[in-house]
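Dropping protein-v4.txt in here (compact mmCIF, C-alpha atoms):
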# COMPACT_ATOMS: atom_id res chain seq x y z
CA MET A 1 -88.30 110.61 146.04
CA PHE A 2 -86.39 110.91 149.31
CA GLN A 3 -84.36 107.80 148.44
CA VAL A 4 -83.32 109.25 145.07
CA LEU A 5 -82.29 112.54 146.70
CA LEU A 6 -80.33 110.68 149.39
CA LEU A 7 -78.61 108.51 146.77
CA PHE A 8 -77.74 111.60 144.70
CA THR A 9 -76.20 113.49 147.65
CA LEU A 10 -74.25 110.41 148.74
CA SER A 11 -72.84 109.93 145.23
CA ILE A 12 -71.72 113.58 145.12
CA GLY A 13 -70.14 113.30 148.57
CA PHE A 14 -68.25 110.12 147.72
CA SER A 15 -67.19 111.32 144.28
CA GLN A 16 -65.21 114.15 145.84
CA GLU A 17 -63.21 111.62 147.87
CA ARG A 18 -62.02 109.75 144.78
CA PRO A 19 -58.92 111.24 143.17
CA ILE A 20 -59.20 112.51 139.62
CA VAL A 21 -56.44 113.11 137.10
CA LEU A 22 -55.64 116.79 137.20
CA ASN A 23 -53.90 118.25 134.15
CA GLY A 24 -51.89 121.40 134.58
CA GLN A 25 -49.14 123.66 133.40
CA ALA A 26 -46.37 125.42 135.27
CA LYS A 27 -45.44 128.82 133.83
CA SER A 28 -42.67 131.33 134.37
CA PHE A 29 -41.96 134.67 132.74
CA GLN A 30 -38.22 134.13 132.32
CA ASN A 31 -37.07 130.60 133.22
CA ASP A 32 -37.47 127.21 131.60
CA VAL A 33 -40.34 125.24 133.17
CA SER A 34 -39.17 121.71 132.36
CA ASN A 35 -38.29 119.15 135.04
CA ILE A 36 -40.18 120.81 137.88
CA LEU A 37 -41.15 118.39 140.63
CA VAL A 38 -44.89 118.30 141.36
CA VAL A 39 -45.81 116.44 144.56
CA ASN A 40 -49.24 115.69 146.00
CA LEU A 41 -48.36 116.13 149.68
CA ASN A 42 -51.41 114.12 150.82
CA SER A 43 -51.01 111.02 148.65
CA LYS A 44 -47.19 111.35 148.23
CA GLU A 45 -47.64 110.87 144.48
CA SER A 46 -45.29 112.91 142.31
CA THR A 47 -44.53 113.75 138.71
CA ILE A 48 -42.20 115.98 136.70
CA THR A 49 -43.21 118.61 134.16
CA ASP A 50 -42.30 118.15 130.51
CA SER A 51 -40.45 120.68 128.32
CA LEU A 52 -43.57 122.88 128.05
CA GLY A 53 -44.34 122.74 131.79
CA LEU A 54 -47.28 120.35 131.34
CA PHE A 55 -48.04 117.69 133.94
CA SER A 56 -50.76 115.25 135.08
CA ILE A 57 -51.27 114.11 138.67
CA LYS A 58 -54.04 112.46 140.68
CA ALA A 59 -55.67 114.76 143.24
CA LYS A 60 -58.85 115.18 145.24
CA LEU A 61 -60.53 117.99 147.14
CA ARG A 62 -58.29 119.75 149.71
CA ASP A 63 -55.11 117.96 148.54
CA SER A 64 -51.97 120.12 148.50
CA LEU A 65 -49.76 120.21 145.42
CA GLN A 66 -46.21 121.44 145.87
CA PHE A 67 -44.08 122.69 142.96
CA SER A 68 -40.33 122.80 143.49
CA ALA A 69 -37.16 123.32 141.49
CA VAL A 70 -33.81 124.95 142.22
CA GLN A 71 -34.53 127.97 140.04
CA PHE A 72 -37.97 128.62 141.59
CA LEU A 73 -39.40 129.33 145.03
CA LYS A 74 -41.55 126.47 146.37
CA GLU A 75 -45.22 126.98 145.59
CA THR A 76 -48.03 125.08 147.33
CA ILE A 77 -51.57 125.01 145.93
CA VAL A 78 -54.61 123.60 147.76
CA ILE A 79 -57.10 121.89 145.44
CA THR A 80 -60.53 123.60 145.54
CA ASP A 81 -63.93 122.72 144.07
CA SER A 82 -63.40 125.03 141.10
CA ILE A 83 -60.06 123.39 140.24
CA LEU A 84 -61.64 119.93 140.49
CA HIS A 85 -64.54 120.85 138.20
CA LYS A 86 -62.20 122.36 135.58
CA LYS A 87 -59.82 119.38 135.93
CA SER A 88 -56.97 121.73 135.04
CA ILE A 89 -54.71 124.24 136.73
CA ILE A 90 -52.13 126.82 135.69
CA VAL A 91 -49.45 127.70 138.24
CA TYR A 92 -47.20 130.75 137.89
CA LEU A 93 -43.84 130.20 139.59
CA SER A 94 -41.60 132.90 141.07
CA GLU A 95 -37.87 132.86 140.43
CA ASN A 96 -35.48 131.95 143.21
CA ILE A 97 -32.68 134.48 142.89
CA ILE A 98 -29.47 133.33 144.52
CA ASN A 99 -26.87 136.05 144.98
CA LEU A 100 -23.31 134.79 145.19
CA ASN A 101 -20.34 136.74 146.47
CA GLU A 102 -17.42 137.39 144.15
CA VAL A 103 -14.79 134.65 144.24
CA THR A 104 -11.08 135.09 143.50
CA VAL A 105 -9.10 131.94 142.74
CA MET A 106 -5.85 132.13 144.68
CA PRO A 107 -2.82 131.71 144.53
CA TYR A 108 -2.79 131.56 140.74
CA ASN A 109 -4.44 134.89 139.81
CA LEU A 110 -5.48 133.65 136.39
CA THR A 111 -6.10 136.22 133.67
CA GLY A 112 -8.29 134.10 131.42
CA ASN A 113 -5.71 134.15 128.62
CA ILE A 114 -4.63 130.51 128.39
CA ASP A 115 -1.27 131.15 126.72
CA SER A 116 -0.05 133.66 129.31
CA ASP A 117 -1.50 131.68 132.24
CA ILE A 118 0.33 128.49 131.21
CA ASP A 119 3.64 130.36 130.89
CA ARG A 120 3.21 131.92 134.35
CA LEU A 121 2.27 128.61 136.00
CA ASN A 122 5.53 126.87 134.94
CA TYR A 123 3.63 123.97 133.46
CA ARG A 124 5.64 120.71 133.56
CA PRO A 125 5.10 117.62 131.41
CA VAL A 126 3.29 114.61 132.80
CA VAL A 127 5.51 112.10 134.60
CA THR A 128 5.30 108.56 133.20
CA SER A 129 7.42 105.45 133.44
CA SER A 130 8.92 106.25 130.02
CA THR A 131 9.91 109.83 130.95
CA LEU A 132 11.54 108.51 134.13
CA GLY A 133 13.53 105.91 132.16
CA LEU A 134 12.24 102.93 134.14
CA PRO A 135 13.05 99.41 132.87
CA HIS A 136 10.39 97.69 130.78
CA ALA A 137 8.53 100.97 130.26
CA ASP A 138 8.20 100.22 126.55
CA VAL A 139 6.60 96.78 127.07
CA GLU A 140 3.02 96.63 125.89
CA LYS A 141 0.41 95.48 128.35
CA LEU A 142 -1.34 92.22 127.47
CA THR A 143 -5.01 92.38 126.65
CA GLN A 144 -7.46 90.68 128.99
CA SER A 145 -7.85 87.75 126.57
CA GLU A 146 -4.08 87.34 126.34
CA ARG A 147 -3.74 87.42 130.14
CA LEU A 148 -6.48 84.80 130.54
CA LEU A 149 -4.84 82.51 127.97
CA LEU A 150 -1.46 82.90 129.62
CA GLU A 151 -2.92 82.18 133.07
CA ALA A 152 -4.84 79.14 131.82
CA ASP A 153 -1.73 77.70 130.16
CA ARG A 154 0.80 78.50 132.89
CA GLY A 155 2.19 75.31 134.47
CA LYS A 156 -0.36 72.91 132.99
CA TYR A 157 1.20 72.07 129.67
CA VAL A 158 4.73 71.15 128.74
CA ARG A 159 6.26 73.23 126.04
CA TYR A 160 8.50 71.56 123.52
CA TYR A 161 10.87 73.65 121.57
CA VAL A 162 11.88 71.92 118.35
CA THR A 163 14.91 72.90 116.37
CA SER A 164 14.81 71.71 112.82
CA ILE A 165 17.59 71.16 110.39
CA VAL A 166 16.87 71.09 106.69
CA ILE A 167 18.90 68.62 104.68
CA ASN A 168 18.83 68.90 100.92
CA THR A 169 18.91 65.37 99.52
CA HIS A 170 18.58 66.37 95.87
CA THR A 171 22.07 67.64 95.34
CA LYS A 172 24.80 65.71 93.54
CA PHE A 173 28.27 65.44 94.93

Can I see the file as structure tokens?
Amino acid sequence: MFQVLLLFTLSIGFSQERPIVLNGQAKSFQNDVSNILVVNLNSKESTITDSLGLFSIKAKLRDSLQFSAVQFLKETIVITDSILHKKSIIVYLSENIINLNEVTVMPYNLTGNIDSDIDRLNYRPVVTSSTLGLPHADVEKLTQSERLLLEADRGKYVRYYVTSIVINTHTKF
């Protein structure tokens, strides 16, 4: 009887040391809960929540899970016996409110009306080789295949230029 009791207590003790797959959901009252990083700080294993905030991660007793995203404050949860027995967890995240000071774009003082802003900025056309009147500005660039053929042929083959004259031998004089 003592051996059975000892075996039973040892199996319970060792079972808590093995990680189990913990299913959970991150929730927020106002923000989207997708793509939140969930990290087991003890095992360094991590995962990302799906579009509904659902996730699965391996954890064991007294592991720490950290939830982090730009729009939320970091939240750390320590895994307890009750969480392990339920094999699930729901975590409510608090928003990370970032207050920014007002910014004025200088020296342009834009109004937001595109037509009036362009007139005030003295918008000039784009400078290209054609607008500058440079020589050979109208020449088309060769494609890569054409450049490779030209390079492969350059200096290796002799080019013969043939001039032909057509003589009509069927006419009567």

message: Residues within 7 Å of (-51.9, 113.2, 139.7), file coordinates, counting all atoms listed in the file: what are they? Give the list as a PyMOL selection string.
response: chain A and resi 21-22+45+56-59

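Considering all atoms listed in the file, the residue among A:Ala152, A:Leu121, A:Ile36, A:Leu61 positioned nearest to His85 in chain A is A:Leu61.
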
Please enclose the listed atoms of range 17-28 of chain A in an axis-aligned box, pad each side by 6 Å, and write out the centre and the three edge lengths in Å, rounded to one decimal, as AutoDock Vina command-line options.
--center_x -52.9 --center_y 120.5 --center_z 140.6 --size_x 32.5 --size_y 33.6 --size_z 26.5

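Among A:Lys141, A:Gly53, A:Lys74, A:Ile48, the residue with the shortest atom-to-atom distance to Ile90 in chain A, counting only C-alpha atoms, is A:Gly53.
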
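You will find CA of Val126 in chain A at 19.3 Å from CA of Glu140 in chain A.
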
message: If I take CA of Ile98 in chain A and CA of Leu52 in chain A, how far is one from the other in Å, to one decimal?
response: 24.1 Å

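Nearest residue to Ser34 in chain A among A:Ser88, A:Ser64, A:Glu146, A:Ser51 is A:Ser51, counting only C-alpha atoms.
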
- request: Find, counting all atoms listed in the file, the residue in A:Leu142, A:Ile20, A:Val38, A:Ile114 that gets nearest to Leu54 in chain A.
  value: A:Val38

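Nearest to Asn40 in chain A of all the residues A:Phe72, A:Phe67, A:Phe55, A:Tyr92 is A:Phe67, counting only C-alpha atoms.
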
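In this model, the gap between CA of Arg18 in chain A and CA of Thr47 in chain A comes to 18.9 Å.
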
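You can rank A:Asp115, A:Glu75, A:Asp50, A:Asp63 by their closest distance to Gln25 in chain A using all atoms listed in the file, and at the top of that list sits A:Asp50.
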